[in-house]
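Comments concern the structure below.
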Amino acid sequence: MRSLYCAEVNSAHVSEQVTLCGWVNRRRDLGGLIFIDLRDRSGIVQVVFEPDNHDLHAKASTLRGEYCIKVVGSVKARPADQVNSKMATGEIEVYATDLTIFNKSAPLPIDFNQDNTEEQRLRYRYLDLRRPEMVHKMTVRADITRYVRHFLDAHGFLDIETPMLTKATPEGARDYLVPSRIHHGKFYALPQSPQLFKQLLMIAGYDRYYQIVKCFRDEDLRADRQPEFTQIDVETSFMTSQDVRDIMEEMMVGLFKEVAGYDLGKLPVMRYDEAMERFGSDKPDLRISYELHTLCDAVRNSEFKVLSAPANDPDSRVVGFAVPGGAAMTRREIDGYTDFVKKLGASGLIWIKVNDLEKGAEGLHSSIAKHVTPDELISLVTMANGKSGDIVFIGAGKHNKISTVMGALRLQTAKDKGLVADGYKALWVIDFPMFEMTEEAGLTAMHHPFTAPSGVTPEELIANPMSVYADAYDLVINGYESGGGSVRIYDENMQQAVFKVLGITDSEAREKFGFLLDALSFGAPPHAGLAFGLDRVTMLLTGTDNIRDVIAFPKTTAAACLMTQAPNVASPDALKELAIAITDMEQ
């Protein structure tokens with residue numbers, strides 16, 4: 001039906017006849033000549049209708065925005081003074097000889113030439129997806145999956161599907177449940193990840209597996225989360241964590257070169273404890289030049305107990321950082337940051353404006369100047385790496401809590417002040433704690449309960465679980481966890497020890513994971529894997545900070561589809577067939 005995409009027409013086609021299909025992006029009637037910009041997913045080309053062909057010209061005069069049409073015409077070079085350098089096809093135009101109107105368009109409920117609300121965009125997503133910005137994002141997503149498949153195929157990985165209807169497993173979020181019509185009162189769970197199945201594939205001998213797969217988690221949503229999301233899922237046998245990181249790093253470095261023309265270089269490796277100490281986050285954004293510093297030594301002997309008490313408490317920390325150029329901040333801005341850290345659980349925020357460090361304490365202006373000595377004030381600034389013109393922000397409290405709070409403040413100040421560098425910064429974060437405390441004072445696996453502990457026996461794990469590190473690793477890019485994985489437990493005794501630490505009884509373990517425990521007893525190989533968030537990687541490579549921008553038909557933050565009005569009420573007959581009774585449904 002067509003010979004070329006719109007953006008493929010170029011000067012090599014001059015004097016040739018082409019057939020193009022697409023939508024009217026814009027129409028201009030100059031009284032004689034009629035110009036339309038014809039758009040398809042590839043881009044735009046200008047089409048000219050001449051008045052000499054009366055019937056064709058009259059038909060073209062009826063065209064309006066978003067009419068779906070086919071044009072046959074001859075390619076001509078534009079005069080040198082009419083070349084449009086802003087268009088990829090700006091050196092040529094197509095002089096129409098025939099026009100077919102496939103379909104007219106009603107006035108659009110969204111405007112392509114201005115910002116629309118997200119509600120409008122999601123309600124009319126099929127129209128929003130026509131916008132060139134969205135076409136670019138969807139195209140990049142396709143480029144990513146194409147590259148990943150090619151790379152993994154070339155490295156001996158097999159693309160194997162795993163079930164969508166499965167059994168609930170503890171992956172850290174609530175499951176989406178699917179009722180069974182045949183087995184009344186029983187439910188399938190949509191997988192939060194293919195974790196158990198890919199481990200079973202390793203036990204089955206398929207030593208290099210991958211899958212680009214949908215996953216489902218019923219959790220609170222935000223800009224980088226969706227109830228259904230896509231993973232690039234990888235699992236290997238007979239590979240160490242270093243082996244897995246090496247091959248996945250090769251893939252990601254190649255991907256960023258291919259799609260963005262950007263060389264990530266050799267990725268640094270950082271232990272979890274170091275990341276929390278320096279950045280207050282296990283997802284450090286290395287594009288920001290400044291980092292957290294421990295300031296305990298500056299105030300250990302201070303009479304100002306607000307700082308000296310935590311400085312001398314081994315479980316607490318005095319921590320600060322210097323914001324370049326921050327001395328120009330107004331008191332209103334500083335108060336705003338104080339409110340910011342209080343909302344995160346800090347008791348307050350100390351600040352020191354470094355107006356002129358060469359003048360010593362006289363060149364400093366601080367919220368605690370009356371409570372500390374001049375030497376202590378100078379020490380706080382120098383230990384925080386403060387320079388003239390900066391502002392130093394300081395917090396104090398329990399180590400993990402205050403590190404996290406000040407890490408969040410670091411990110412916020414950098415975003416507000418335009419101090420986040422362009423480009424991409426990636427690193428591996430390794431050696432995560434095996435377990436973390438829950439609000440109920442119990443233990444939970446920091447990653448998942450099938451992650452292998454590093455360098456301990458089952459007995460040592462049970463005796464002192466909070467001292468154990470996991471053989472786990474995350475790939476962090478620009479402050480986002482883009483991928484994460486671990487060496488898996490392949491010894492039945494170790495798996496049972498982890499279950500015991502997590503408070504999972506033998507009977508519960510047998511009920512939930514009996515098939516896995518059985519499989520581990522039949523010559524399970526050492527295995528390890530990793531999963532990348534395809535949506536997050538696409539988000540990074542398209543320069544957006546909203547995951548909904550890179551998913552064709554996403555859900556809102558309330559997990560609803562505005563276009564289809566899902567979820568919706570099921571019919572009484574369907575509920576009866578599934579043996580489901582609705583006891584508390586909102587009217």
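By convention in this document, the chains of the structure tokens carry letters A, B, ... by their order, each chain's residues are numbered from 1, and ligands are numbered from 1 in the order they are shown.
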> Could you pull the residues within 7 Å of Pro526 of chain A, counting only C-alpha atoms, minus those fewer than 3 positions along the same chain, as a PyMOL selection string?
Replying inline: chain A and resi 237-238+490
> Which of segment 142-333 of chain A counts as strand (DSSP E) under DSSP, as a ChimeraX atom specification please?
Replying inline: /A:158-159,177-179,187-189,208-216,228-237,269-271,293-294,316-323
> In Å, how far is it from atom CA of Leu419 of chain A to atom CA of Leu540 of chain A?
Replying inline: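 Interatomic distance, atom CA of Leu419 of chain A to atom CA of Leu540 of chain A: 17.9 Å.
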> What's the 9 Å shell around Tyr126 of chain A, counting only C-alpha atoms, without same-chain residues fewer than 5 positions away, as a PyMOL selection string?
Replying inline: chain A and resi 121+552-553+563
Could those residues be written to a file, using N, CA and C atoms, as a PDB file, in the first residue's frame?
```pdb
ATOM      1  N   ARG A 121      -3.898  12.342  28.745  1.00  0.00           N
ATOM      2  CA  ARG A 121      -3.005  11.494  27.948  1.00  0.00           C
ATOM      3  C   ARG A 121      -3.317  10.021  28.134  1.00  0.00           C
ATOM      4  N   ALA A 552       3.417   1.430  26.822  1.00  0.00           N
ATOM      5  CA  ALA A 552       2.396   1.818  25.847  1.00  0.00           C
ATOM      6  C   ALA A 552       1.058   2.112  26.517  1.00  0.00           C
ATOM      7  N   PHE A 553       0.608   1.216  27.384  1.00  0.00           N
ATOM      8  CA  PHE A 553      -0.685   1.390  28.036  1.00  0.00           C
ATOM      9  C   PHE A 553      -0.522   1.180  29.540  1.00  0.00           C
ATOM     10  N   MET A 563      -8.213   4.481  30.189  1.00  0.00           N
ATOM     11  CA  MET A 563      -8.709   4.272  28.825  1.00  0.00           C
ATOM     12  C   MET A 563      -9.777   3.177  28.790  1.00  0.00           C
TER      13      MET A 563
END
```
Can you pull out every residue within 7 Å of Gln211 of chain A, counting only C-alpha atoms, but drop anything in the same chain fewer than 4 positions away, and send it as a compact mmCIF listing (two decimals) with N, CA and C atoms, in the first residue's frame?
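In the end it all went to part.txt:
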```
# COMPACT_ATOMS: atom_id res chain seq x y z
N ASP A 159 15.96 -18.45 25.25
CA ASP A 159 14.74 -17.72 25.61
C ASP A 159 13.67 -18.76 25.96
N ILE A 160 13.32 -18.86 27.25
CA ILE A 160 12.36 -19.85 27.72
C ILE A 160 11.27 -19.16 28.52
N GLU A 161 10.02 -19.45 28.18
CA GLU A 161 8.90 -18.85 28.89
C GLU A 161 8.61 -19.59 30.19
N ILE A 232 13.99 -7.88 32.11
CA ILE A 232 14.93 -8.67 31.32
C ILE A 232 15.54 -9.65 32.31
N ASP A 233 15.08 -10.88 32.28
CA ASP A 233 15.37 -11.86 33.33
C ASP A 233 16.44 -12.82 32.84
N VAL A 234 17.48 -13.01 33.63
CA VAL A 234 18.63 -13.83 33.23
C VAL A 234 19.01 -14.76 34.37
```
Those of segment 359-432 of chain A in DSSP helix (DSSP H, G or I), formatted as a CSV table (one decimal) with C-alpha atoms, in the first residue's frame:
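Final file, result-v4.csv:
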```
chain,number,residue,atom,x,y,z
A,359,LYS,CA,38.5,34.7,57.3
A,360,GLY,CA,38.1,31.7,59.6
A,361,ALA,CA,35.1,31.6,61.8
A,362,GLU,CA,34.4,35.3,61.0
A,363,GLY,CA,33.7,34.3,57.4
A,374,PRO,CA,35.0,28.8,66.4
A,375,ASP,CA,37.4,25.9,65.9
A,376,GLU,CA,34.6,23.4,66.0
A,377,LEU,CA,32.7,25.4,63.4
A,378,ILE,CA,35.7,25.5,61.1
A,379,SER,CA,36.4,21.8,61.6
A,380,LEU,CA,32.8,21.0,60.7
A,381,VAL,CA,33.2,22.9,57.4
A,382,THR,CA,36.6,21.5,56.5
A,383,MET,CA,35.5,17.9,57.3
A,399,HIS,CA,23.4,5.9,61.9
A,400,ASN,CA,21.1,4.3,59.3
A,401,LYS,CA,18.3,6.8,59.7
A,402,ILE,CA,20.3,10.0,59.5
A,403,SER,CA,22.4,8.7,56.6
A,404,THR,CA,19.3,8.0,54.7
A,405,VAL,CA,17.8,11.4,55.5
A,406,MET,CA,20.9,13.3,54.6
A,407,GLY,CA,21.3,11.2,51.4
A,408,ALA,CA,17.8,12.2,50.4
A,409,LEU,CA,18.6,15.9,51.1
A,410,ARG,CA,21.8,15.6,49.0
A,411,LEU,CA,19.6,14.5,46.0
A,412,GLN,CA,17.1,17.2,46.6
A,413,THR,CA,19.6,20.1,46.8
A,414,ALA,CA,21.3,18.9,43.7
A,415,LYS,CA,18.1,18.7,41.7
A,416,ASP,CA,17.0,22.1,43.0
```
> So how far away is atom CA of Gln192 of chain A from atom CA of Asp218 of chain A, in Å?
Replying inline: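 According to the coordinates, atom CA of Asp218 of chain A and atom CA of Gln192 of chain A are separated by 8.9 Å.
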>> Residues near Val72 of chain A, anyone? I mean within 6 Å using only C-alpha atoms, not counting same-chain ones fewer than 2 positions away, as number ranges by chain.
In response: A: 18-19, 96-98
Those same residues - all heavy atoms - I'd like them written as an mmCIF file, in the first residue's frame.
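Here's the written file result.cif:
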```cif
data_model
loop_
_atom_site.group_PDB
_atom_site.id
_atom_site.type_symbol
_atom_site.label_atom_id
_atom_site.label_comp_id
_atom_site.auth_asym_id
_atom_site.auth_seq_id
_atom_site.Cartn_x
_atom_site.Cartn_y
_atom_site.Cartn_z
ATOM 1 N N VAL A 18 6.454 8.124 -5.271
ATOM 2 C CA VAL A 18 6.391 7.407 -3.996
ATOM 3 C C VAL A 18 4.937 7.340 -3.546
ATOM 4 O O VAL A 18 4.100 8.169 -3.928
ATOM 5 C CB VAL A 18 7.236 8.098 -2.908
ATOM 6 C CG1 VAL A 18 8.718 8.041 -3.264
ATOM 7 C CG2 VAL A 18 6.784 9.529 -2.662
ATOM 8 N N THR A 19 4.653 6.337 -2.720
ATOM 9 C CA THR A 19 3.334 6.195 -2.100
ATOM 10 C C THR A 19 3.524 6.208 -0.595
ATOM 11 O O THR A 19 4.277 5.398 -0.045
ATOM 12 C CB THR A 19 2.654 4.886 -2.529
ATOM 13 O OG1 THR A 19 2.565 4.841 -3.961
ATOM 14 C CG2 THR A 19 1.256 4.786 -1.935
ATOM 15 N N ALA A 96 1.867 15.950 -4.896
ATOM 16 C CA ALA A 96 0.854 14.908 -4.937
ATOM 17 C C ALA A 96 0.208 14.778 -6.308
ATOM 18 O O ALA A 96 -0.075 15.773 -6.988
ATOM 19 C CB ALA A 96 -0.220 15.185 -3.888
ATOM 20 N N THR A 97 -0.028 13.517 -6.707
ATOM 21 C CA THR A 97 -0.787 13.226 -7.935
ATOM 22 C C THR A 97 -2.059 12.438 -7.629
ATOM 23 O O THR A 97 -2.915 12.298 -8.488
ATOM 24 C CB THR A 97 0.081 12.426 -8.919
ATOM 25 O OG1 THR A 97 0.538 11.225 -8.279
ATOM 26 C CG2 THR A 97 1.288 13.244 -9.375
ATOM 27 N N ASP A 98 -2.155 11.939 -6.394
ATOM 28 C CA ASP A 98 -3.358 11.199 -6.012
ATOM 29 C C ASP A 98 -3.498 11.245 -4.491
ATOM 30 O O ASP A 98 -2.491 11.289 -3.765
ATOM 31 C CB ASP A 98 -3.289 9.755 -6.494
ATOM 32 C CG ASP A 98 -4.618 9.035 -6.307
ATOM 33 O OD1 ASP A 98 -5.658 9.603 -6.668
ATOM 34 O OD2 ASP A 98 -4.613 7.916 -5.762
#
```
>> Using only C-alpha atoms, which protein or nucleic acid residues come within 12 Å of Asp40 of chain A? Drop anything in the same chain fewer than 6 positions from it, and give the result as an MDAnalysis selection string.
In response: chainID A and resid 2 4:8 20:25 46 66:70 129:132 135:136
